[in-house]
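Peer 1: Data file target-v2.cif (mmCIF, C-alpha atoms and all ligand atoms) is appended below.
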```
data_data
loop_
_atom_site.label_atom_id
_atom_site.label_comp_id
_atom_site.auth_asym_id
_atom_site.auth_seq_id
_atom_site.Cartn_x
_atom_site.Cartn_y
_atom_site.Cartn_z
CA MET D 1 30.83 5.10 -7.00
CA ALA D 2 31.59 8.44 -5.29
CA ASP D 3 29.75 10.17 -8.19
CA LEU D 4 26.48 8.40 -7.44
CA PRO D 5 23.87 10.51 -5.61
CA GLY D 6 24.22 10.09 -1.85
CA ILE D 7 21.00 9.18 -0.05
CA VAL D 8 20.14 9.79 3.60
CA ILE D 9 17.25 7.89 5.16
CA MET D 10 15.24 9.47 7.95
CA GLY D 11 13.53 7.10 10.39
CA ALA D 12 15.97 4.39 9.29
CA SER D 13 14.91 1.82 11.90
CA GLY D 14 11.24 1.93 10.87
CA ARG D 15 9.32 -0.53 8.70
CA MET D 16 9.91 1.65 5.64
CA GLY D 17 13.30 2.91 6.83
CA GLN D 18 14.81 -0.58 6.78
CA MET D 19 13.18 -1.40 3.44
CA LEU D 20 14.60 1.83 2.00
CA ALA D 21 18.09 1.07 3.30
CA GLN D 22 18.02 -2.35 1.63
CA THR D 23 16.71 -0.87 -1.61
CA VAL D 24 19.43 1.81 -1.77
CA LEU D 25 22.14 -0.72 -0.87
CA GLN D 26 21.02 -3.00 -3.72
CA SER D 27 20.94 -0.15 -6.24
CA ASP D 28 23.78 0.63 -8.64
CA LYS D 29 22.40 4.18 -9.14
CA ALA D 30 22.74 5.59 -5.62
CA ARG D 31 24.77 5.13 -2.43
CA LEU D 32 23.65 5.16 1.18
CA VAL D 33 25.46 7.96 3.03
CA GLY D 34 23.38 8.37 6.18
CA CYS D 35 20.80 6.73 8.43
CA VAL D 36 19.05 9.08 10.85
CA GLU D 37 16.83 8.29 13.83
CA ARG D 38 15.25 10.46 16.50
CA PRO D 39 17.43 11.45 19.49
CA GLY D 40 17.28 8.76 22.20
CA HIS D 41 16.47 5.95 19.78
CA PRO D 42 18.18 2.70 20.92
CA TRP D 43 19.76 2.18 17.48
CA ILE D 44 21.76 5.47 17.58
CA GLY D 45 25.49 4.71 17.29
CA ARG D 46 24.94 1.14 16.08
CA ASP D 47 26.06 -0.07 12.65
CA MET D 48 22.99 -0.01 10.36
CA GLY D 49 23.74 -3.45 8.83
CA GLU D 50 24.17 -5.10 12.23
CA ALA D 51 21.10 -3.34 13.64
CA MET D 52 19.06 -4.83 10.77
CA GLY D 53 20.46 -8.29 11.57
CA SER D 54 22.89 -8.54 8.63
CA ALA D 55 26.58 -7.89 7.86
CA PRO D 56 28.17 -4.62 9.07
CA LEU D 57 27.98 -1.71 6.61
CA GLY D 58 30.46 0.64 8.24
CA LEU D 59 27.65 3.20 8.57
CA CYS D 60 26.30 4.02 12.03
CA LEU D 61 22.86 5.43 12.80
CA THR D 62 22.97 9.03 13.93
CA ASP D 63 20.64 11.59 15.48
CA ASP D 64 22.63 14.44 13.89
CA ALA D 65 20.29 15.18 10.98
CA ILE D 66 22.12 18.40 9.98
CA ALA D 67 25.50 16.67 9.54
CA ALA D 68 23.93 13.73 7.69
CA ILE D 69 21.91 15.92 5.30
CA ALA D 70 25.03 17.98 4.52
CA ARG D 71 26.48 14.84 2.88
CA ALA D 72 23.34 14.03 0.86
CA GLN D 73 22.02 14.76 -2.60
CA ALA D 74 18.63 13.34 -1.53
CA VAL D 75 16.83 12.59 1.73
CA ILE D 76 14.14 9.92 1.82
CA ASP D 77 11.71 10.45 4.64
CA PHE D 78 9.00 8.06 5.83
CA THR D 79 8.58 9.22 9.44
CA THR D 80 5.95 11.41 11.15
CA PRO D 81 4.39 14.72 10.06
CA GLU D 82 6.27 16.72 12.75
CA ALA D 83 9.63 15.10 11.93
CA THR D 84 9.11 15.59 8.19
CA VAL D 85 8.28 19.28 8.53
CA ALA D 86 11.45 19.79 10.62
CA THR D 87 13.50 17.91 8.00
CA ALA D 88 12.01 20.01 5.18
CA THR D 89 13.67 23.10 6.68
CA LEU D 90 17.05 21.30 6.73
CA THR D 91 16.78 19.90 3.19
CA ALA D 92 15.78 23.35 1.91
CA GLN D 93 18.90 24.86 3.54
CA ALA D 94 21.11 22.09 2.11
CA ARG D 95 19.34 22.21 -1.30
CA ALA D 96 18.93 18.41 -1.14
CA VAL D 97 16.01 16.65 -2.82
CA HIS D 98 13.45 15.71 -0.15
CA VAL D 99 11.34 12.64 -0.94
CA ILE D 100 8.40 12.57 1.45
CA GLY D 101 6.42 9.37 1.91
CA THR D 102 5.07 10.33 5.34
CA THR D 103 1.26 10.59 5.61
CA GLY D 104 -1.16 12.12 8.10
CA PHE D 105 -0.34 15.80 7.46
CA GLY D 106 -2.61 18.63 8.61
CA PRO D 107 -3.04 21.93 6.75
CA ASP D 108 -0.28 23.64 8.79
CA HIS D 109 2.26 20.90 7.95
CA LEU D 110 1.36 21.15 4.27
CA GLN D 111 1.84 24.91 4.34
CA ARG D 112 5.33 24.50 5.80
CA ILE D 113 6.26 21.89 3.19
CA LYS D 114 5.06 24.24 0.47
CA ALA D 115 7.29 27.00 1.91
CA ALA D 116 10.33 24.68 1.90
CA ALA D 117 9.64 23.77 -1.73
CA ARG D 118 10.48 27.34 -2.72
CA HIS D 119 14.15 26.47 -2.09
CA ALA D 120 14.50 22.76 -2.85
CA VAL D 121 12.94 19.93 -4.81
CA ILE D 122 10.30 18.07 -2.81
CA VAL D 123 8.59 14.96 -4.12
CA ARG D 124 5.65 14.06 -1.89
CA ALA D 125 3.11 11.28 -2.36
CA GLY D 126 0.92 9.29 0.02
CA ASN D 127 1.84 6.26 -2.06
CA MET D 128 5.03 5.84 -4.08
CA SER D 129 4.06 2.66 -5.94
CA LEU D 130 3.53 2.53 -9.69
CA GLY D 131 0.29 0.55 -9.26
CA VAL D 132 -1.42 3.03 -6.95
CA ASN D 133 -0.43 6.01 -9.06
CA LEU D 134 -1.95 4.29 -12.09
CA LEU D 135 -5.06 3.63 -10.00
CA VAL D 136 -5.23 7.35 -9.20
CA GLN D 137 -5.41 8.15 -12.90
CA LEU D 138 -8.00 5.40 -13.52
CA THR D 139 -10.11 6.72 -10.64
CA ARG D 140 -10.06 10.23 -12.09
CA LYS D 141 -11.14 8.87 -15.47
CA VAL D 142 -13.97 6.66 -14.18
CA ALA D 143 -15.26 9.46 -11.92
CA ALA D 144 -15.32 11.82 -14.90
CA ALA D 145 -17.29 9.30 -16.97
CA LEU D 146 -20.00 8.61 -14.35
CA ASP D 147 -22.43 11.02 -12.73
CA ALA D 148 -23.58 11.14 -9.08
CA ASP D 149 -25.98 8.20 -9.70
CA PHE D 150 -22.83 6.22 -8.89
CA ASP D 151 -21.88 6.52 -5.21
CA ILE D 152 -18.11 6.68 -4.65
CA GLU D 153 -16.63 4.89 -1.63
CA VAL D 154 -12.92 4.51 -0.85
CA VAL D 155 -12.16 1.53 1.41
CA GLU D 156 -8.66 0.95 2.76
CA ALA D 157 -7.04 -1.71 4.95
CA HIS D 158 -3.67 -1.53 6.77
CA HIS D 159 -1.64 -3.22 9.50
CA ARG D 160 -2.44 -2.69 13.19
CA HIS D 161 0.45 -0.22 13.73
CA LYS D 162 -0.80 2.43 11.31
CA VAL D 163 -1.59 5.66 13.16
CA ASP D 164 -3.43 7.79 10.58
CA ALA D 165 -6.78 7.41 8.79
CA PRO D 166 -7.87 7.73 6.09
CA SER D 167 -4.57 6.56 4.62
CA GLY D 168 -2.58 8.94 2.44
CA THR D 169 -3.44 6.71 -0.51
CA ALA D 170 -7.17 6.84 0.24
CA LEU D 171 -6.95 10.64 0.27
CA MET D 172 -5.11 10.63 -3.08
CA LEU D 173 -7.83 8.40 -4.54
CA GLY D 174 -10.61 10.54 -3.04
CA GLN D 175 -8.96 13.67 -4.43
CA ALA D 176 -8.71 12.11 -7.90
CA ALA D 177 -12.38 11.08 -7.74
CA ALA D 178 -13.38 14.63 -6.72
CA GLU D 179 -11.30 16.13 -9.54
CA GLY D 180 -12.87 13.73 -12.05
CA ARG D 181 -16.30 14.80 -10.85
CA GLY D 182 -15.36 18.47 -10.81
CA VAL D 183 -16.12 18.94 -7.09
CA ALA D 184 -14.08 19.90 -4.01
CA LEU D 185 -13.20 16.88 -1.85
CA SER D 186 -13.37 19.04 1.29
CA GLU D 187 -17.08 19.68 0.61
CA MET D 188 -18.03 16.15 -0.44
CA SER D 189 -16.10 13.79 1.83
CA GLU D 190 -18.03 11.59 4.30
CA ARG D 191 -15.96 9.96 7.03
CA GLY D 192 -16.45 7.95 10.19
CA ARG D 193 -20.09 6.93 9.89
CA ASP D 194 -21.53 5.60 13.15
CA GLY D 195 -25.04 5.44 14.63
CA ILE D 196 -28.09 6.97 12.94
CA THR D 197 -26.25 8.68 10.12
CA GLY D 198 -29.21 9.43 7.87
CA GLU D 199 -29.17 8.50 4.20
CA ARG D 200 -26.06 8.88 2.16
CA ALA D 201 -25.78 12.39 0.65
CA ARG D 202 -25.97 12.38 -3.14
CA GLY D 203 -22.50 12.95 -4.60
CA ALA D 204 -20.68 12.20 -1.34
CA ILE D 205 -17.25 10.54 -1.45
CA GLY D 206 -17.11 8.12 1.48
CA PHE D 207 -14.05 6.80 3.33
CA SER D 208 -13.77 3.65 5.47
CA ALA D 209 -10.67 2.25 7.19
CA ILE D 210 -9.86 -1.28 8.37
CA ARG D 211 -6.85 -1.89 10.68
CA GLY D 212 -5.46 -5.32 11.48
CA GLY D 213 -2.51 -7.71 11.62
CA ASP D 214 0.21 -7.27 9.03
CA ILE D 215 -1.82 -5.97 6.06
CA VAL D 216 0.68 -4.00 3.93
CA GLY D 217 -1.96 -1.83 2.22
CA GLU D 218 -5.15 -2.45 0.26
CA HIS D 219 -7.35 0.12 -1.46
CA ASP D 220 -10.70 -0.19 -3.24
CA VAL D 221 -12.50 2.61 -5.04
CA ILE D 222 -16.12 1.54 -5.40
CA PHE D 223 -18.52 3.18 -7.84
CA ALA D 224 -21.88 1.79 -6.71
CA GLY D 225 -24.87 2.36 -8.98
CA MET D 226 -28.35 0.81 -9.17
CA GLY D 227 -27.92 -2.73 -10.52
CA GLU D 228 -24.16 -2.52 -11.11
CA ARG D 229 -20.90 -1.72 -9.36
CA ILE D 230 -17.37 -0.95 -10.55
CA VAL D 231 -14.51 -1.72 -8.17
CA LEU D 232 -10.96 -0.47 -8.79
CA ARG D 233 -8.51 -2.27 -6.49
CA HIS D 234 -4.85 -2.17 -5.54
CA VAL D 235 -3.29 -4.71 -3.19
CA ALA D 236 0.25 -4.18 -1.89
CA THR D 237 1.96 -7.35 -0.68
CA ASP D 238 5.52 -6.05 -0.30
CA ARG D 239 6.77 -2.67 1.01
CA ALA D 240 9.56 -2.84 -1.58
CA ILE D 241 7.15 -1.23 -4.09
CA PHE D 242 7.09 1.96 -2.01
CA ALA D 243 10.87 1.96 -1.49
CA ARG D 244 11.58 1.47 -5.21
CA GLY D 245 9.27 4.37 -6.02
CA ALA D 246 10.95 6.58 -3.42
CA LEU D 247 14.44 5.86 -4.76
CA ARG D 248 13.22 6.56 -8.29
CA ALA D 249 11.85 9.90 -7.07
CA ALA D 250 15.17 10.76 -5.38
CA LEU D 251 17.05 10.16 -8.64
CA TRP D 252 14.42 11.94 -10.77
CA GLY D 253 14.65 15.00 -8.52
CA GLN D 254 18.37 15.61 -9.18
CA ASP D 255 18.91 18.85 -11.14
CA ARG D 256 15.16 19.74 -11.20
CA LYS D 257 13.97 23.23 -10.36
CA PRO D 258 12.80 23.79 -6.76
CA GLY D 259 9.12 23.00 -6.30
CA GLU D 260 6.69 20.45 -4.92
CA TYR D 261 6.22 17.43 -7.18
CA ASP D 262 4.39 14.12 -6.87
CA MET D 263 4.79 10.58 -8.20
CA LEU D 264 2.65 11.35 -11.25
CA ASP D 265 5.43 13.79 -12.25
CA VAL D 266 8.13 11.21 -11.54
CA LEU D 267 6.39 8.40 -13.39
CA GLY D 268 5.19 10.64 -16.24
CA LEU D 269 1.59 9.48 -15.79
N1 LIG G 1 4.06 7.08 0.64
C1 LIG G 1 4.19 5.76 0.70
O1 LIG G 1 4.35 5.07 -0.33
C2 LIG G 1 4.18 5.09 2.04
C3 LIG G 1 4.02 5.86 3.15
N2 LIG G 1 4.13 5.31 4.40
C4 LIG G 1 4.09 6.25 5.51
O2 LIG G 1 5.40 6.37 6.05
C5 LIG G 1 5.34 6.69 7.43
C6 LIG G 1 6.19 5.69 8.22
O3 LIG G 1 5.63 4.41 8.11
P1 LIG G 1 6.33 3.15 8.82
O4 LIG G 1 7.71 2.97 8.29
O5 LIG G 1 5.36 2.04 8.70
O6 LIG G 1 6.38 3.66 10.33
P2 LIG G 1 7.45 3.32 11.48
O7 LIG G 1 6.85 3.82 12.74
O8 LIG G 1 7.87 1.90 11.37
O9 LIG G 1 8.72 4.22 11.07
C7 LIG G 1 8.83 5.60 11.32
C8 LIG G 1 10.23 5.83 11.87
O10 LIG G 1 10.49 7.23 11.98
C9 LIG G 1 11.18 7.42 13.21
N3 LIG G 1 11.13 8.81 13.65
C10 LIG G 1 10.18 9.45 14.37
N4 LIG G 1 10.54 10.71 14.60
C11 LIG G 1 11.75 10.89 14.02
C12 LIG G 1 12.67 11.98 13.93
N5 LIG G 1 12.39 13.17 14.49
N6 LIG G 1 13.83 11.81 13.25
C13 LIG G 1 14.12 10.64 12.69
N7 LIG G 1 13.32 9.55 12.75
C14 LIG G 1 12.14 9.68 13.40
C15 LIG G 1 10.47 6.47 14.15
O11 LIG G 1 11.20 6.25 15.33
P3 LIG G 1 10.38 5.82 16.68
O12 LIG G 1 9.55 4.64 16.31
O13 LIG G 1 11.42 5.52 17.66
O14 LIG G 1 9.54 7.02 17.03
C16 LIG G 1 10.40 5.23 13.27
O15 LIG G 1 11.59 4.49 13.31
C17 LIG G 1 3.85 6.69 7.79
O16 LIG G 1 3.36 8.01 7.73
C18 LIG G 1 3.21 5.85 6.67
O17 LIG G 1 1.87 6.14 6.43
C19 LIG G 1 4.36 3.98 4.58
C20 LIG G 1 4.48 3.16 3.51
C21 LIG G 1 4.38 3.64 2.13
O1 LIG G 2 1.35 3.17 6.77
C1 LIG G 2 1.49 2.37 5.82
O2 LIG G 2 1.91 1.22 5.97
C2 LIG G 2 1.18 2.85 4.47
N1 LIG G 2 0.91 4.11 4.32
C3 LIG G 2 0.62 4.78 3.10
C4 LIG G 2 -0.77 5.38 3.17
O3 LIG G 2 -1.10 6.01 4.21
O4 LIG G 2 -1.52 5.26 2.21
C5 LIG G 2 0.89 3.95 1.89
C6 LIG G 2 0.67 2.48 2.03
O5 LIG G 2 -0.68 2.19 1.88
C7 LIG G 2 1.23 1.91 3.32
#
```
Would you mind writing the file's structure down as structure tokens?
Ligand SMILES: NC(=O)C1=CN([C@@H]2O[C@H](COP(=O)(O)OP(=O)(O)OC[C@H]3O[C@@H](n4cnc5c(N)ncnc54)[C@H](OP(=O)(O)O)[C@@H]3O)[C@@H](O)[C@H]2O)C=CC1
Ligand SMILES: O=C(O)C1=N[C@H](C(=O)O)C[C@H](O)C1
Peer 2:
Amino acid sequence: MADLPGIVIMGASGRMGQMLAQTVLQSDKARLVGCVERPGHPWIGRDMGEAMGSAPLGLCLTDDAIAAIARAQAVIDFTTPEATVATATLTAQARAVHVIGTTGFGPDHLQRIKAAARHAVIVRAGNMSLGVNLLVQLTRKVAAALDADFDIEVVEAHHRHKVDAPSGTALMLGQAAAEGRGVALSEMSERGRDGITGERARGAIGFSAIRGGDIVGEHDVIFAGMGERIVLRHVATDRAIFARGALRAALWGQDRKPGEYDMLDVLGL
């Protein structure tokens, strides 16, 4: 048991944090060695099992990220862009694998993650599920097969608590569509239409976001032509798919060379 890779979860009280804790606890390939929350969080000092409403685990939540990461072979992080960038510095120092599920990064955050990946293995993906990563590859393929007579629209729906848009998944799908088409997403993306927008630009890749209730995550990539339409769809109904993918990434990352990887690398897609 002591030989199994030790996993630390950042943002352990969150929607994904709790799902990750349960997934690691149920696994016979890894052990949970730390649960970290931000300083001042009401769960700090409480037993993680009891805080989640189940049996005690003998593992208390801590705000001491440095001490927790020192015990870890991998850190799984579904938090905020600022928290993740700060953690990337610590995982790089500790040479622990950093699995990043957080979304909503700006260019400066991404630059800092890239710098940390010079020293440690980072696996980062806006969606850790097998299904979405397959959809990414399908999107690339369909976009490569069709010309700009087919308008590409990415439509996503998430729960009311989500703070970023477009979702990380929508951006992955848009990026795959742009690559399939051989264009730069930054030049072709159309977001936030409102009012008199004018006609759709030929070749644009559009993004729309729906927020409501408890929707776990739904993504459509629409290729709309004249007289026909192709729709590629993924519907997530359980956050366990993301947690399973993240744990798989943490195990895959052991003994790899430092660098920034994604779930396509992990899944071999
Ligand atoms: N890649 C993927 O497959 C998936 C990615 N996500 C992404 O994961 C992220 C989290 O989502 P979700 O779990 O729903 O969000 P939550 O808000 O439920 O969880 C985030 C947690 O991180 C905590 N946190 C904030 N700052 C710190 C810090 N400095 N140190 C430690 N913990 C901190 C928050 O605490 P507090 O609330 O007190 O601030 C909260 O408990 C989002 O970016 C989301 O888009 C989600 C699902 C799948
Ligand atoms: O915030 C979420 O919940 C999710 N975020 C990820 C994203 O931004 O795409 C992945 C998943 O869709 C759930």
Peer 1: Please report as a Markdown table every residue of range 12-105 of chain D lying within 8 Å of range 235-244 of chain D, along with the nearest atom pair and their distance in Å (one decimal), using only C-alpha atoms.
Peer 2:
```
| residue | atom | partner | partner_atom | distance |
| --- | --- | --- | --- | --- |
| D:Met16 | CA | D:Arg239 | CA | 7.1 |
| D:Met19 | CA | D:Ala240 | CA | 6.4 |
| D:Leu20 | CA | D:Ala243 | CA | 5.1 |
| D:Thr23 | CA | D:Ala243 | CA | 6.5 |
```
Peer 1: For ligand LIG 1 (chain G), list the contacting residues at 7 Å or closer, counting all atoms listed in the file, as a ChimeraX atom specification.
Peer 2: /D:10-17,36-38,41,78-80,83,101-104,125-129,162,164,167-168,239,242
Peer 1: Using only C-alpha atoms, which of the listed residues (D:Ile113, D:Leu90, D:Gly182, D:His219) sits closest to Val154 in chain D?
Peer 2: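 Smallest distance to Val154 in chain D is found for D:His219.
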Peer 1: Leaving out range 116-119 of chain D and any residue of its chain fewer than 6 positions from it, which residues lie within 9 Å of it when counting only C-alpha atoms, given as number ranges by chain?
Peer 2: D: 85, 88-93, 95, 257-260
Peer 1: Give me the residues within 10 Å of Glu179 in chain D as JSON, numbers by chain, counting only C-alpha atoms and dropping any in the same chain fewer than 3 places off.
Peer 2: {"D": [139, 140, 141, 143, 144, 173, 174, 175, 176, 182, 183, 184, 185]}
Peer 1: How would you write as a ChimeraX atom specification the residues that get within 8 Å of (-5.1, -6.6, 11.6) in the file's frame, counting all atoms listed in the file?
Peer 2: /D:158-160,210-215
Peer 1: Export range 132-164 of chain D, N, CA and C atoms, as a JSON list (two decimals), in the first residue's frame; it's the structure right above.
Peer 2:
```
[["chain", "number", "residue", "atom", "x", "y", "z"],
["D", 132, "VAL", "N", -15.24, 12.91, -24.26],
["D", 132, "VAL", "CA", -14.96, 14.23, -24.85],
["D", 132, "VAL", "C", -13.67, 14.20, -25.65],
["D", 133, "ASN", "N", -12.67, 13.49, -25.15],
["D", 133, "ASN", "CA", -11.41, 13.47, -25.90],
["D", 133, "ASN", "C", -11.56, 12.74, -27.22],
["D", 134, "LEU", "N", -12.43, 11.73, -27.26],
["D", 134, "LEU", "CA", -12.77, 11.11, -28.55],
["D", 134, "LEU", "C", -13.48, 12.10, -29.45],
["D", 135, "LEU", "N", -14.40, 12.87, -28.85],
["D", 135, "LEU", "CA", -15.14, 13.87, -29.62],
["D", 135, "LEU", "C", -14.20, 14.93, -30.22],
["D", 136, "VAL", "N", -13.15, 15.25, -29.49],
["D", 136, "VAL", "CA", -12.15, 16.20, -30.00],
["D", 136, "VAL", "C", -11.56, 15.66, -31.30],
["D", 137, "GLN", "N", -11.19, 14.39, -31.29],
["D", 137, "GLN", "CA", -10.58, 13.80, -32.49],
["D", 137, "GLN", "C", -11.59, 13.72, -33.64],
["D", 138, "LEU", "N", -12.84, 13.39, -33.31],
["D", 138, "LEU", "CA", -13.88, 13.33, -34.35],
["D", 138, "LEU", "C", -14.11, 14.71, -34.95],
["D", 139, "THR", "N", -14.11, 15.73, -34.09],
["D", 139, "THR", "CA", -14.32, 17.10, -34.56],
["D", 139, "THR", "C", -13.23, 17.52, -35.54],
["D", 140, "ARG", "N", -11.98, 17.18, -35.18],
["D", 140, "ARG", "CA", -10.85, 17.52, -36.05],
["D", 140, "ARG", "C", -11.04, 16.86, -37.42],
["D", 141, "LYS", "N", -11.49, 15.61, -37.40],
["D", 141, "LYS", "CA", -11.63, 14.83, -38.63],
["D", 141, "LYS", "C", -12.75, 15.40, -39.51],
["D", 142, "VAL", "N", -13.90, 15.67, -38.88],
["D", 142, "VAL", "CA", -15.04, 16.18, -39.65],
["D", 142, "VAL", "C", -14.71, 17.57, -40.22],
["D", 143, "ALA", "N", -14.06, 18.39, -39.40],
["D", 143, "ALA", "CA", -13.70, 19.75, -39.88],
["D", 143, "ALA", "C", -12.73, 19.67, -41.06],
["D", 144, "ALA", "N", -11.86, 18.67, -41.04],
["D", 144, "ALA", "CA", -10.89, 18.53, -42.14],
["D", 144, "ALA", "C", -11.58, 18.06, -43.42],
["D", 145, "ALA", "N", -12.69, 17.34, -43.24],
["D", 145, "ALA", "CA", -13.37, 16.76, -44.42],
["D", 145, "ALA", "C", -14.32, 17.76, -45.08],
["D", 146, "LEU", "N", -14.75, 18.79, -44.34],
["D", 146, "LEU", "CA", -15.74, 19.73, -44.86],
["D", 146, "LEU", "C", -15.09, 21.10, -45.10],
["D", 147, "ASP", "N", -15.58, 21.83, -46.08],
["D", 147, "ASP", "CA", -15.04, 23.17, -46.28],
["D", 147, "ASP", "C", -15.93, 24.21, -45.57],
["D", 148, "ALA", "N", -15.64, 25.48, -45.79],
["D", 148, "ALA", "CA", -16.33, 26.55, -45.05],
["D", 148, "ALA", "C", -17.77, 26.75, -45.50],
["D", 149, "ASP", "N", -18.28, 25.92, -46.45],
["D", 149, "ASP", "CA", -19.72, 25.92, -46.73],
["D", 149, "ASP", "C", -20.48, 25.39, -45.51],
["D", 150, "PHE", "N", -19.77, 24.68, -44.65],
["D", 150, "PHE", "CA", -20.39, 24.19, -43.40],
["D", 150, "PHE", "C", -19.96, 25.12, -42.26],
["D", 151, "ASP", "N", -20.94, 25.78, -41.66],
["D", 151, "ASP", "CA", -20.68, 26.69, -40.54],
["D", 151, "ASP", "C", -20.48, 25.88, -39.26],
["D", 152, "ILE", "N", -19.41, 26.18, -38.52],
["D", 152, "ILE", "CA", -19.14, 25.42, -37.28],
["D", 152, "ILE", "C", -19.58, 26.25, -36.08],
["D", 153, "GLU", "N", -20.41, 25.63, -35.24],
["D", 153, "GLU", "CA", -20.88, 26.26, -34.00],
["D", 153, "GLU", "C", -20.66, 25.29, -32.85],
["D", 154, "VAL", "N", -20.07, 25.77, -31.77],
["D", 154, "VAL", "CA", -19.90, 24.96, -30.56],
["D", 154, "VAL", "C", -20.88, 25.49, -29.51],
["D", 155, "VAL", "N", -21.77, 24.62, -29.04],
["D", 155, "VAL", "CA", -22.78, 25.02, -28.06],
["D", 155, "VAL", "C", -22.55, 24.20, -26.79],
["D", 156, "GLU", "N", -22.44, 24.89, -25.65],
["D", 156, "GLU", "CA", -22.21, 24.15, -24.40],
["D", 156, "GLU", "C", -23.21, 24.56, -23.34],
["D", 157, "ALA", "N", -23.53, 23.62, -22.43],
["D", 157, "ALA", "CA", -24.44, 23.90, -21.32],
["D", 157, "ALA", "C", -23.83, 23.37, -20.03],
["D", 158, "HIS", "N", -23.89, 24.18, -18.96],
["D", 158, "HIS", "CA", -23.37, 23.80, -17.65],
["D", 158, "HIS", "C", -24.27, 24.33, -16.53],
["D", 159, "HIS", "N", -24.02, 23.81, -15.34],
["D", 159, "HIS", "CA", -24.72, 24.20, -14.12],
["D", 159, "HIS", "C", -24.59, 25.71, -13.81],
["D", 160, "ARG", "N", -25.44, 26.19, -12.95],
["D", 160, "ARG", "CA", -25.52, 27.63, -12.66],
["D", 160, "ARG", "C", -24.30, 28.18, -11.92],
["D", 161, "HIS", "N", -23.47, 27.29, -11.34],
["D", 161, "HIS", "CA", -22.32, 27.78, -10.56],
["D", 161, "HIS", "C", -21.07, 27.99, -11.41],
["D", 162, "LYS", "N", -21.11, 27.57, -12.66],
["D", 162, "LYS", "CA", -19.88, 27.67, -13.48],
["D", 162, "LYS", "C", -19.55, 29.14, -13.72],
["D", 163, "VAL", "N", -18.23, 29.46, -13.58],
["D", 163, "VAL", "CA", -17.85, 30.88, -13.63],
["D", 163, "VAL", "C", -17.19, 31.29, -14.95],
["D", 164, "ASP", "N", -16.78, 30.34, -15.78],
["D", 164, "ASP", "CA", -16.07, 30.70, -17.01],
["D", 164, "ASP", "C", -16.85, 30.29, -18.25]]
```
